[in-house]
>>> print(open('input-v6.cif').read())   # mmCIF, C-alpha atoms
data_model
#
loop_
_atom_site.label_atom_id
_atom_site.label_comp_id
_atom_site.auth_asym_id
_atom_site.auth_seq_id
_atom_site.Cartn_x
_atom_site.Cartn_y
_atom_site.Cartn_z
CA MET Z 24 52.35 45.86 -23.05
CA ILE Z 25 55.64 47.53 -22.17
CA GLU Z 26 55.25 49.94 -25.13
CA VAL Z 27 51.76 50.89 -23.98
CA TYR Z 28 53.06 51.53 -20.48
CA LYS Z 29 55.88 53.72 -21.83
CA LYS Z 30 53.43 55.75 -23.92
CA LEU Z 31 51.15 56.25 -20.92
CA SER Z 32 54.11 57.32 -18.78
CA ILE Z 33 55.25 59.83 -21.40
CA LYS Z 34 51.72 61.19 -21.72
CA LYS Z 35 51.39 61.56 -17.95
CA GLY Z 36 54.79 63.25 -17.90
CA TYR Z 37 53.65 65.82 -20.45
CA GLN Z 38 50.40 66.36 -18.57
CA TYR Z 39 52.30 66.85 -15.30
CA LEU Z 40 54.66 69.32 -16.99
CA LEU Z 41 51.74 71.29 -18.45
CA LEU Z 42 50.07 71.27 -15.06
CA LYS Z 43 53.23 72.65 -13.44
CA ILE Z 44 53.50 75.37 -16.10
CA ALA Z 45 49.82 76.30 -15.65
CA ALA Z 46 50.26 76.42 -11.86
CA PHE Z 47 53.36 78.62 -12.22
CA LEU Z 48 51.56 81.01 -14.58
CA LEU Z 49 48.57 81.19 -12.25
CA LEU Z 50 50.84 81.93 -9.28
CA ALA Z 51 52.70 84.57 -11.30
CA PHE Z 52 49.39 86.17 -12.32
CA ILE Z 53 48.11 86.23 -8.73
CA THR Z 54 51.40 87.61 -7.41
CA ASP Z 55 51.49 90.28 -10.13
CA PHE Z 56 47.87 91.26 -9.49
CA ILE Z 57 48.20 91.48 -5.70
CA SER Z 58 51.60 93.22 -5.71
CA GLY Z 59 50.53 95.64 -8.45
CA SER Z 60 47.28 96.47 -6.63
CA ILE Z 61 49.16 97.21 -3.40
CA LEU Z 62 51.69 99.42 -5.17
CA ARG Z 63 48.91 101.23 -7.04
CA SER Z 64 47.09 101.90 -3.79
CA PHE Z 65 50.19 103.32 -2.10
CA TYR Z 66 51.14 105.33 -5.21
CA PHE Z 67 47.81 107.15 -5.25
CA LYS Z 68 47.84 107.68 -1.46
CA GLN Z 69 50.85 110.00 -1.65
CA THR Z 70 50.11 113.53 -0.45
CA SER Z 71 53.41 115.28 -1.22
CA GLY Z 72 56.48 115.10 -3.43
CA TRP Z 73 57.12 114.67 -7.14
CA GLU Z 74 54.66 111.85 -7.82
CA TYR Z 75 51.91 113.57 -5.88
CA ARG Z 76 52.38 116.73 -7.97
CA THR Z 77 52.11 114.68 -11.16
CA LYS Z 78 48.97 112.98 -9.83
CA TYR Z 79 47.48 116.34 -8.85
CA SER Z 80 48.35 117.85 -12.24
CA ILE Z 81 46.59 115.01 -14.05
CA ASP Z 82 43.63 114.32 -11.77
CA GLY Z 83 43.29 117.18 -9.31
CA THR Z 84 43.86 120.77 -10.36
CA ARG Z 85 41.04 122.88 -11.71
CA ALA Z 86 43.04 126.12 -11.79
CA ASP Z 87 42.15 128.82 -14.30
CA VAL Z 88 45.79 129.28 -15.34
CA LEU Z 89 48.15 126.33 -15.88
CA ILE Z 90 51.90 126.49 -16.52
CA PHE Z 91 53.45 123.67 -18.56
CA GLY Z 92 57.06 122.73 -19.21
CA ALA Z 93 60.14 121.08 -17.72
CA SER Z 94 62.43 122.46 -14.99
CA ARG Z 95 62.43 125.95 -16.53
CA ALA Z 96 58.67 126.01 -16.00
CA GLN Z 97 58.58 124.38 -12.59
CA GLN Z 98 61.35 126.51 -11.11
CA GLN Z 99 60.71 129.92 -12.71
CA TYR Z 100 56.95 130.65 -12.81
CA ASN Z 101 55.50 131.49 -9.39
CA PRO Z 102 51.70 131.01 -9.47
CA LEU Z 103 51.17 133.48 -6.61
CA TYR Z 104 52.10 136.44 -8.82
CA PHE Z 105 49.72 135.28 -11.56
CA GLU Z 106 46.89 134.84 -9.07
CA GLU Z 107 47.45 138.25 -7.50
CA ARG Z 108 47.57 140.19 -10.74
CA LEU Z 109 45.32 138.21 -13.09
CA HIS Z 110 42.71 137.46 -10.40
CA GLN Z 111 42.64 133.85 -11.56
CA SER Z 112 43.63 130.66 -9.75
CA CYS Z 113 46.94 129.24 -11.00
CA TYR Z 114 48.91 125.98 -10.74
CA ASN Z 115 52.32 125.03 -12.12
CA VAL Z 116 52.14 121.55 -13.70
CA GLY Z 117 55.77 121.66 -14.91
CA ARG Z 118 58.08 118.79 -14.01
CA ASP Z 119 61.86 118.80 -13.92
CA GLY Z 120 63.57 116.99 -16.80
CA GLU Z 121 60.45 115.83 -18.61
CA PRO Z 122 60.17 115.89 -22.43
CA PHE Z 123 57.34 117.21 -24.56
CA PHE Z 124 55.57 113.83 -24.40
CA TYR Z 125 54.89 114.48 -20.72
CA TYR Z 126 53.48 117.98 -21.30
CA TYR Z 127 51.09 116.77 -23.96
CA ALA Z 128 49.91 113.74 -21.97
CA VAL Z 129 49.09 115.98 -19.01
CA LEU Z 130 47.27 118.41 -21.31
CA LYS Z 131 45.13 115.58 -22.73
CA ALA Z 132 44.15 114.48 -19.22
CA VAL Z 133 43.40 118.03 -18.10
CA LEU Z 134 41.21 118.88 -21.10
CA LYS Z 135 39.22 115.70 -20.54
CA ARG Z 136 38.30 116.90 -17.05
CA TYR Z 137 37.81 120.65 -17.52
CA THR Z 138 38.79 123.69 -19.59
CA PRO Z 139 41.37 126.11 -18.14
CA LYS Z 140 41.10 129.74 -19.20
CA ILE Z 141 44.83 130.24 -19.88
CA ILE Z 142 47.76 127.91 -20.52
CA ILE Z 143 51.39 129.02 -20.51
CA LEU Z 144 53.76 126.62 -22.26
CA ASP Z 145 57.46 127.13 -21.56
CA ILE Z 146 59.65 126.14 -24.52
CA GLU Z 147 63.40 125.62 -24.12
CA ASN Z 148 66.36 125.15 -26.43
CA GLY Z 149 66.58 121.56 -27.68
CA VAL Z 150 62.94 120.77 -26.87
CA PHE Z 151 62.53 118.82 -30.14
CA LYS Z 152 65.89 117.06 -29.99
CA GLU Z 153 65.86 113.36 -30.85
CA SER Z 154 66.74 111.33 -27.74
CA GLN Z 155 65.89 107.84 -26.50
CA ASP Z 156 65.94 109.20 -22.96
CA SER Z 157 62.85 111.26 -23.79
CA TYR Z 158 60.94 108.01 -24.39
CA ASP Z 159 62.41 106.24 -21.37
CA ARG Z 160 61.35 109.08 -19.08
CA MET Z 161 57.69 108.44 -19.86
CA SER Z 162 57.89 105.72 -17.18
CA ILE Z 163 56.46 108.27 -14.74
CA LEU Z 164 53.20 108.21 -16.73
CA LEU Z 165 52.79 104.43 -16.60
CA PRO Z 166 50.58 104.42 -13.45
CA PHE Z 167 47.97 106.39 -15.42
CA TYR Z 168 47.86 104.11 -18.47
CA LYS Z 169 44.85 102.02 -17.44
CA SER Z 170 42.76 104.87 -16.06
CA HIS Z 171 43.50 107.44 -18.78
CA PRO Z 172 42.80 106.13 -22.30
CA GLU Z 173 43.45 109.62 -23.72
CA MET Z 174 47.13 109.22 -22.76
CA ARG Z 175 47.68 105.67 -24.04
CA SER Z 176 48.83 106.42 -27.59
CA ILE Z 177 51.52 108.73 -26.17
CA ILE Z 178 52.72 106.26 -23.54
CA GLU Z 179 52.81 103.39 -26.05
CA LEU Z 180 55.54 105.23 -27.97
CA ARG Z 181 57.92 104.31 -25.15
CA SER Z 182 58.72 100.95 -26.82
CA PRO Z 183 57.28 98.55 -29.43
CA PHE Z 184 56.28 96.18 -26.60
CA GLU Z 185 54.88 98.74 -24.18
CA LYS Z 186 51.25 97.76 -24.76
CA LEU Z 187 52.07 94.12 -23.94
CA LYS Z 188 54.19 95.02 -20.88
CA LEU Z 189 51.35 97.13 -19.52
CA GLN Z 190 49.14 94.07 -19.18
CA SER Z 191 51.13 93.51 -15.99
CA GLN Z 192 49.82 95.20 -12.84
CA ILE Z 193 53.26 95.61 -11.29
CA TYR Z 194 55.14 96.84 -14.38
CA PRO Z 195 54.00 100.49 -14.14
CA PHE Z 196 55.59 100.74 -10.69
CA ASN Z 197 58.84 98.80 -11.30
CA SER Z 198 61.02 101.91 -11.25
CA MET Z 199 59.06 103.65 -8.47
CA LEU Z 200 59.39 101.33 -5.47
CA PHE Z 201 61.71 103.67 -3.55
CA LYS Z 202 59.73 106.78 -4.53
CA ILE Z 203 56.46 105.19 -3.39
CA ALA Z 204 58.03 104.12 -0.09
CA ILE Z 205 59.40 107.62 0.58
CA GLY Z 206 56.21 109.24 -0.73
CA ASN Z 207 54.18 107.58 2.03
CA THR Z 208 56.35 108.83 4.90
CA GLU Z 209 56.26 112.04 6.91
CA MET Z 210 59.84 112.70 5.80
CA ASN Z 211 58.68 113.27 2.23
CA LYS Z 212 56.48 116.18 3.29
CA LYS Z 213 59.62 118.08 4.29
CA ARG Z 214 61.35 117.46 0.94
CA ASN Z 215 60.92 119.38 -2.31
CA GLN Z 216 58.28 121.69 -0.86
CA ASP Z 217 56.48 123.66 -3.53
CA ILE Z 218 54.21 126.66 -3.95
CA LYS Z 219 51.31 125.42 -6.08
CA GLY Z 220 53.75 123.33 -8.12
CA TYR Z 221 56.48 125.98 -8.22
CA VAL Z 222 59.84 125.00 -6.68
CA GLU Z 223 62.00 128.04 -5.97
CA LEU Z 224 65.77 128.16 -6.49
CA ARG Z 225 67.85 130.18 -4.02
CA ARG Z 226 71.42 129.85 -5.29
CA VAL Z 227 73.00 133.00 -6.78
CA LEU Z 228 75.14 132.62 -9.90
CA ASP Z 229 78.42 134.53 -9.84
CA GLU Z 230 80.21 134.03 -13.15
CA PRO Z 231 80.63 135.86 -16.47
CA ILE Z 232 78.22 135.22 -19.29
CA ARG Z 233 79.05 132.35 -21.64
CA THR Z 234 78.76 132.18 -25.42
CA VAL Z 235 76.78 129.36 -27.02
CA ASP Z 236 77.09 128.91 -30.78
CA PHE Z 237 73.82 127.41 -32.03
CA LEU Z 238 75.13 127.51 -35.60
CA LYS Z 239 77.53 124.71 -34.62
CA ASN Z 240 75.23 122.84 -32.22
CA LYS Z 241 73.38 120.70 -34.76
CA TYR Z 242 71.16 117.77 -33.77
CA ALA Z 243 68.44 115.51 -35.19
CA ILE Z 244 64.81 116.59 -34.76
CA ASP Z 245 62.23 114.16 -33.34
CA SER Z 246 59.14 114.38 -35.57
CA ASN Z 247 56.94 112.94 -32.80
CA LYS Z 248 57.79 115.88 -30.55
CA VAL Z 249 57.09 118.41 -33.30
CA ASN Z 250 53.77 116.72 -34.11
CA PHE Z 251 52.73 116.74 -30.46
CA TYR Z 252 53.65 120.42 -30.25
CA ARG Z 253 51.31 121.07 -33.16
CA SER Z 254 48.65 118.97 -31.45
CA PHE Z 255 49.14 120.86 -28.17
CA ILE Z 256 48.37 124.11 -29.99
CA LYS Z 257 45.45 122.58 -31.89
CA ASP Z 258 43.85 121.11 -28.76
CA CYS Z 259 44.11 124.42 -26.91
CA LYS Z 260 42.52 126.28 -29.82
CA GLN Z 261 39.70 123.75 -30.12
CA ALA Z 262 39.00 124.01 -26.39
CA ASN Z 263 39.04 127.83 -26.64
CA VAL Z 264 41.95 128.07 -24.19
CA LYS Z 265 44.14 131.17 -24.46
CA LEU Z 266 47.65 129.83 -25.07
CA TYR Z 267 50.93 131.66 -24.52
CA ILE Z 268 54.16 130.01 -25.63
CA VAL Z 269 57.11 131.43 -23.72
CA CYS Z 270 60.88 131.15 -23.87
CA SER Z 271 62.05 132.17 -20.40
CA PRO Z 272 65.42 133.90 -19.74
CA TYR Z 273 68.88 132.44 -20.32
CA PHE Z 274 72.22 133.73 -19.06
CA ILE Z 275 74.06 133.02 -22.29
CA HIS Z 276 75.23 135.03 -25.28
CA ALA Z 277 73.64 133.17 -28.19
CA VAL Z 278 75.21 133.01 -31.63
CA GLY Z 279 72.41 132.15 -34.02
CA THR Z 280 69.18 130.50 -32.87
CA ASP Z 281 68.54 127.00 -31.59
CA ILE Z 282 66.76 124.97 -34.31
CA SER Z 283 64.01 123.79 -31.93
CA MET Z 284 63.26 127.39 -31.02
CA THR Z 285 63.08 128.36 -34.70
CA ILE Z 286 60.61 125.54 -35.38
CA ALA Z 287 58.53 126.41 -32.30
CA LYS Z 288 58.26 130.08 -33.31
CA GLU Z 289 57.32 129.25 -36.89
CA ILE Z 290 54.54 126.86 -35.88
CA ALA Z 291 53.22 129.33 -33.28
CA GLY Z 292 53.15 132.05 -35.94
CA GLU Z 293 51.31 129.78 -38.38
CA ASN Z 294 48.62 129.30 -35.73
CA ASN Z 295 48.44 132.94 -34.55
CA ILE Z 296 49.64 131.99 -31.09
CA ASP Z 297 51.51 134.53 -28.96
CA PHE Z 298 55.18 133.57 -28.64
CA VAL Z 299 56.86 135.61 -25.90
CA ASP Z 300 60.65 135.43 -26.04
CA PHE Z 301 62.74 136.48 -23.02
CA ALA Z 302 65.90 134.67 -24.15
CA LYS Z 303 67.72 137.92 -24.90
CA ASP Z 304 66.06 140.16 -22.32
CA GLU Z 305 68.72 142.68 -21.21
CA ILE Z 306 67.55 142.83 -17.59
CA PHE Z 307 68.57 139.18 -17.24
CA LEU Z 308 71.55 139.13 -19.60
CA ASN Z 309 73.15 141.92 -17.57
CA ASN Z 310 72.63 140.41 -14.12
CA SER Z 311 73.95 136.95 -13.25
CA LYS Z 312 72.60 137.34 -9.70
CA LEU Z 313 69.08 136.70 -11.01
CA PHE Z 314 70.14 133.17 -11.96
CA ASP Z 315 70.70 129.86 -10.19
CA ASP Z 316 72.67 128.60 -13.20
CA THR Z 317 72.93 129.68 -16.83
CA VAL Z 318 69.53 128.22 -17.76
CA HIS Z 319 67.47 128.71 -14.57
CA ILE Z 320 66.56 131.96 -12.83
CA ASN Z 321 66.47 131.98 -9.04
CA VAL Z 322 63.72 133.18 -6.72
CA ALA Z 323 64.66 136.85 -7.22
CA GLY Z 324 64.71 136.40 -10.99
CA SER Z 325 61.40 134.55 -10.86
CA LYS Z 326 59.67 137.56 -9.29
CA ILE Z 327 60.92 139.89 -12.03
CA PHE Z 328 60.28 137.43 -14.85
CA SER Z 329 56.80 136.37 -13.70
CA ASN Z 330 55.71 139.99 -13.44
CA LYS Z 331 57.22 140.94 -16.81
CA LEU Z 332 55.31 138.08 -18.43
CA ILE Z 333 52.11 139.14 -16.68
CA ASP Z 334 52.65 142.70 -17.97
CA THR Z 335 52.89 141.30 -21.50
CA MET Z 336 49.74 139.20 -21.06
CA ILE Z 337 47.78 142.17 -19.73
CA LEU Z 338 49.03 144.43 -22.54
CA LYS Z 339 48.07 141.88 -25.19
CA ASN Z 340 44.57 141.20 -23.87
CA LYS Z 341 43.35 144.22 -21.88
CA ILE Z 342 40.93 141.95 -20.07
CA PHE Z 343 42.38 141.58 -16.58
#
>>> encode(input="input-v6.cif", output="structure tokens")
Amino acid sequence: MIEVYKKLSIKKGYQYLLLKIAAFLLLAFITDFISGSILRSFYFKQTSGWEYRTKYSIDGTRADVLIFGASRAQQQYNPLYFEERLHQSCYNVGRDGEPFFYYYAVLKAVLKRYTPKIIILDIENGVFKESQDSYDRMSILLPFYKSHPEMRSIIELRSPFEKLKLQSQIYPFNSMLFKIAIGNTEMNKKRNQDIKGYVELRRVLDEPIRTVDFLKNKYAIDSNKVNFYRSFIKDCKQANVKLYIVCSPYFIHAVGTDISMTIAKEIAGENNIDFVDFAKDEIFLNNSKLFDDTVHINVAGSKIFSNKLIDTMILKNKIF
């Protein structure tokens, strides 16, 4: 009788433990769902700032001309000049510090919605460099994972467990709590103001030109980035979008050529895509006052550069 009682007690103990575990998991699920839904709602309510510009690039813009790239796109190409001279609407979808994964994910989302007439892709030295940080930075795309299946295969490269982690409603916003809070305040509307995605730089560089030896600056190439670059070109061609790949100005004396730039030029040539290279343009190399730092032109440099690029586009196409 005692043995039977012990067995029943043990069985009830297991059942109680399982019940507690089930209750905990249910509570965790409910908390995750409610918290994630609230954060998602506030994320997509933002009307200014970095996250809003990403949201608008992915889900909003229908501009005829789009400018892609990292900081050298965002802070150097003024859409107003392109609109005035090309008579086409223009938006700068560049984002500071983002790797090629970001550019391609945004392109996939854009082409699913509509077909731009022209895309300008800014390519910089080291764009294909192997770096774990490039994968980590895709966290800014996580809010779009569930609603944009065309972007999922790119986002899932972030880690082997990304697909599993993204079953959580709150996970996509883990690193954005402060940004979301600021993004829903009036204060945010006064920060990082932009002109159709373009963020101007006003500092004036005052230093002699530096020498960079690319023959010594060796690094590993990320095959995923190179493959996405090929896919970027392929998708634009299939959609009948006129693509320009551009290397904007540097204030450096280059010895040799960066390996990423060599690869980018070769692939563009293989696909008959215009590659416009301003890296050694003498107007910029001879005037540090057109720069904010050695790799970014300032607002004065942007006016000259944007118009020089437009001149090239007009000369090549004779259609504007």
>>> closest_residue(input="input-v6.cif", among="Z:Asn247, Z:Asp229, Z:Ile141, Z:Asp82", to="Pro122 (chain Z)", atoms="only C-alpha atoms")
Z:Asn247
>>> closest_atom_pairs(input="input-v6.cif", of="region 109-154 of chain Z", to="region 267-281 of chain Z", cutoff="6 Å", atoms="only C-alpha atoms", output="CSV")
residue,atom,partner,partner_atom,distance
Z:Ile143,CA,Z:Tyr267,CA,4.8
Z:Leu144,CA,Z:Ile268,CA,4.8
Z:Asp145,CA,Z:Val269,CA,4.8
Z:Ile146,CA,Z:Cys270,CA,5.2
Z:Asn148,CA,Z:Asp281,CA,5.9
>>> resolve_selection(input="input-v6.cif", expression="the PyMOL selection byres ((chain Z and resi 182) around 12)", output="PDB file with C-alpha atoms, in the frame of the given file")
ATOM      1  CA  GLN Z 155      65.890 107.840 -26.500  1.00  0.00           C
ATOM      2  CA  ASP Z 156      65.940 109.200 -22.960  1.00  0.00           C
ATOM      3  CA  SER Z 157      62.850 111.260 -23.790  1.00  0.00           C
ATOM      4  CA  TYR Z 158      60.940 108.010 -24.390  1.00  0.00           C
ATOM      5  CA  ASP Z 159      62.410 106.240 -21.370  1.00  0.00           C
ATOM      6  CA  ARG Z 160      61.350 109.080 -19.080  1.00  0.00           C
ATOM      7  CA  MET Z 161      57.690 108.440 -19.860  1.00  0.00           C
ATOM      8  CA  SER Z 162      57.890 105.720 -17.180  1.00  0.00           C
ATOM      9  CA  SER Z 176      48.830 106.420 -27.590  1.00  0.00           C
ATOM     10  CA  ILE Z 177      51.520 108.730 -26.170  1.00  0.00           C
ATOM     11  CA  ILE Z 178      52.720 106.260 -23.540  1.00  0.00           C
ATOM     12  CA  GLU Z 179      52.810 103.390 -26.050  1.00  0.00           C
ATOM     13  CA  LEU Z 180      55.540 105.230 -27.970  1.00  0.00           C
ATOM     14  CA  ARG Z 181      57.920 104.310 -25.150  1.00  0.00           C
ATOM     15  CA  PRO Z 183      57.280  98.550 -29.430  1.00  0.00           C
ATOM     16  CA  PHE Z 184      56.280  96.180 -26.600  1.00  0.00           C
ATOM     17  CA  GLU Z 185      54.880  98.740 -24.180  1.00  0.00           C
ATOM     18  CA  LYS Z 186      51.250  97.760 -24.760  1.00  0.00           C
ATOM     19  CA  LEU Z 187      52.070  94.120 -23.940  1.00  0.00           C
ATOM     20  CA  LYS Z 188      54.190  95.020 -20.880  1.00  0.00           C
ATOM     21  CA  LEU Z 189      51.350  97.130 -19.520  1.00  0.00           C
TER      22      LEU Z 189
END
>>> resolve_selection(input="input-v6.cif", expression="the PyMOL selection byres ((chain Z and resi 149) around 10)", output="mmCIF file with C-alpha atoms, keeping the file's coordinate frame")
data_model
loop_
_atom_site.group_PDB
_atom_site.id
_atom_site.type_symbol
_atom_site.label_atom_id
_atom_site.label_comp_id
_atom_site.auth_asym_id
_atom_site.auth_seq_id
_atom_site.Cartn_x
_atom_site.Cartn_y
_atom_site.Cartn_z
ATOM 1 C CA ILE Z 146 59.650 126.140 -24.520
ATOM 2 C CA GLU Z 147 63.400 125.620 -24.120
ATOM 3 C CA ASN Z 148 66.360 125.150 -26.430
ATOM 4 C CA VAL Z 150 62.940 120.770 -26.870
ATOM 5 C CA PHE Z 151 62.530 118.820 -30.140
ATOM 6 C CA LYS Z 152 65.890 117.060 -29.990
ATOM 7 C CA GLU Z 153 65.860 113.360 -30.850
ATOM 8 C CA ASN Z 240 75.230 122.840 -32.220
ATOM 9 C CA LYS Z 241 73.380 120.700 -34.760
ATOM 10 C CA TYR Z 242 71.160 117.770 -33.770
ATOM 11 C CA ALA Z 243 68.440 115.510 -35.190
ATOM 12 C CA ILE Z 244 64.810 116.590 -34.760
ATOM 13 C CA ASP Z 281 68.540 127.000 -31.590
ATOM 14 C CA ILE Z 282 66.760 124.970 -34.310
ATOM 15 C CA SER Z 283 64.010 123.790 -31.930
ATOM 16 C CA MET Z 284 63.260 127.390 -31.020
#
>>> atom_distance(input="input-v6.cif", atom1="CA of Ile203 (chain Z)", atom2="CA of Leu89 (chain Z)")
25.9 Å
>>> closest_residue(input="input-v6.cif", among="Z:Ser329, Z:Thr285, Z:Ser154, Z:Ser71", to="Phe123 (chain Z)", atoms="all atoms listed in the file")
Z:Ser154
>>> atom_distance(input="input-v6.cif", atom1="CA of Arg175 (chain Z)", atom2="CA of Ile81 (chain Z)")
13.7 Å
>>> residues_around(input="input-v6.cif", residues="region 305-316 of chain Z", least_positions_apart="3", cutoff="7 Å", atoms="all atoms listed in the file", output="PDB file with C-alpha atoms, in the coordinates of the input")
ATOM      1  CA  LEU Z 224      65.770 128.160  -6.490  1.00  0.00           C
ATOM      2  CA  ARG Z 225      67.850 130.180  -4.020  1.00  0.00           C
ATOM      3  CA  ARG Z 226      71.420 129.850  -5.290  1.00  0.00           C
ATOM      4  CA  VAL Z 227      73.000 133.000  -6.780  1.00  0.00           C
ATOM      5  CA  LEU Z 228      75.140 132.620  -9.900  1.00  0.00           C
ATOM      6  CA  ASP Z 229      78.420 134.530  -9.840  1.00  0.00           C
ATOM      7  CA  GLU Z 230      80.210 134.030 -13.150  1.00  0.00           C
ATOM      8  CA  PRO Z 272      65.420 133.900 -19.740  1.00  0.00           C
ATOM      9  CA  PHE Z 274      72.220 133.730 -19.060  1.00  0.00           C
ATOM     10  CA  HIS Z 319      67.470 128.710 -14.570  1.00  0.00           C
ATOM     11  CA  ILE Z 320      66.560 131.960 -12.830  1.00  0.00           C
ATOM     12  CA  ASN Z 321      66.470 131.980  -9.040  1.00  0.00           C
ATOM     13  CA  ALA Z 323      64.660 136.850  -7.220  1.00  0.00           C
ATOM     14  CA  GLY Z 324      64.710 136.400 -10.990  1.00  0.00           C
TER      15      GLY Z 324
END
>>> closest_residue(input="input-v6.cif", among="Z:Leu62, Z:Ile142, Z:Ala287, Z:Met199", to="Met336 (chain Z)", atoms="only C-alpha atoms")
Z:Ile142
>>> closest_residue(input="input-v6.cif", among="Z:Val299, Z:Ala262, Z:Ile232, Z:Ile53", to="Pro139 (chain Z)", atoms="all atoms listed in the file")
Z:Ala262
>>> closest_residue(input="input-v6.cif", among="Z:Lys140, Z:Lys78, Z:Arg118, Z:Lys248", to="Gln97 (chain Z)", atoms="only C-alpha atoms")
Z:Arg118
>>> atom_distance(input="input-v6.cif", atom1="CA of Thr77 (chain Z)", atom2="CA of Thr208 (chain Z)")
17.6 Å
>>> residues_around(input="input-v6.cif", residues="Val88 (chain Z)", least_positions_apart="3", cutoff="10 Å", atoms="all atoms listed in the file", output="PyMOL selection string")
chain Z and resi 85+102+105-106+109+111-115+138-143+264-266
>>> closest_residue(input="input-v6.cif", among="Z:Phe124, Z:Asn263, Z:Ile290, Z:Ile337", to="Phe251 (chain Z)", atoms="all atoms listed in the file")
Z:Phe124
>>> resolve_selection(input="input-v6.cif", expression="the PyMOL selection byres ((chain Z and resi 217-221) around 9)", output="list in words")
Gly72, Arg76, Ser80, Ala96, Gln97, Gln98, Gln99, Tyr100, Asn101, Pro102, Leu103, Cys113, Tyr114, Asn115, Val116, Gly117, Arg118, Asn215, Gln216, Val222 and Glu223 of chain Z
>>> axis_aligned_box(input="input-v6.cif", around="region 174-192 of chain Z", padding_each_side="6 Å", output="lines of an AutoDock Vina configuration file")
center_x = 52.9
center_y = 101.4
center_z = -21.1
size_x = 23.6
size_y = 27.7
size_z = 28.6
>>> residues_around(input="input-v6.cif", residues="Lys135 (chain Z)", least_positions_apart="4", cutoff="9 Å", atoms="all atoms listed in the file", output="CSV table (one decimal) with C-alpha atoms, keeping the file's coordinate frame")
chain,number,residue,atom,x,y,z
Z,130,LEU,CA,47.3,118.4,-21.3
Z,131,LYS,CA,45.1,115.6,-22.7
Z,173,GLU,CA,43.4,109.6,-23.7
>>> decode(input="input-v6.cif", residues="region 151-175 of chain Z", atoms="C-alpha atoms", output="mmCIF file, in the first residue's frame")
data_model
loop_
_atom_site.group_PDB
_atom_site.id
_atom_site.type_symbol
_atom_site.label_atom_id
_atom_site.label_comp_id
_atom_site.auth_asym_id
_atom_site.auth_seq_id
_atom_site.Cartn_x
_atom_site.Cartn_y
_atom_site.Cartn_z
ATOM 1 C CA PHE Z 151 33.323 42.622 -50.501
ATOM 2 C CA LYS Z 152 35.542 42.278 -47.434
ATOM 3 C CA GLU Z 153 34.825 39.292 -45.198
ATOM 4 C CA SER Z 154 33.522 40.524 -41.834
ATOM 5 C CA GLN Z 155 31.212 39.089 -39.177
ATOM 6 C CA ASP Z 156 30.019 42.624 -38.463
ATOM 7 C CA SER Z 157 28.424 42.693 -41.923
ATOM 8 C CA TYR Z 158 26.146 39.826 -40.852
ATOM 9 C CA ASP Z 159 25.458 41.266 -37.409
ATOM 10 C CA ARG Z 160 24.347 44.574 -38.906
ATOM 11 C CA MET Z 161 21.462 42.878 -40.690
ATOM 12 C CA SER Z 162 19.589 43.215 -37.377
ATOM 13 C CA ILE Z 163 18.013 46.387 -38.798
ATOM 14 C CA LEU Z 164 16.190 44.220 -41.365
ATOM 15 C CA LEU Z 165 14.672 41.851 -38.800
ATOM 16 C CA PRO Z 166 11.371 43.789 -38.444
ATOM 17 C CA PHE Z 167 10.678 43.045 -42.127
ATOM 18 C CA TYR Z 168 11.318 39.290 -41.978
ATOM 19 C CA LYS Z 169 7.710 38.171 -41.533
ATOM 20 C CA SER Z 170 6.164 40.597 -44.012
ATOM 21 C CA HIS Z 171 8.798 40.319 -46.756
ATOM 22 C CA PRO Z 172 9.454 36.710 -47.827
ATOM 23 C CA GLU Z 173 11.685 37.967 -50.666
ATOM 24 C CA MET Z 174 14.200 39.146 -48.041
ATOM 25 C CA ARG Z 175 14.209 36.060 -45.809
#
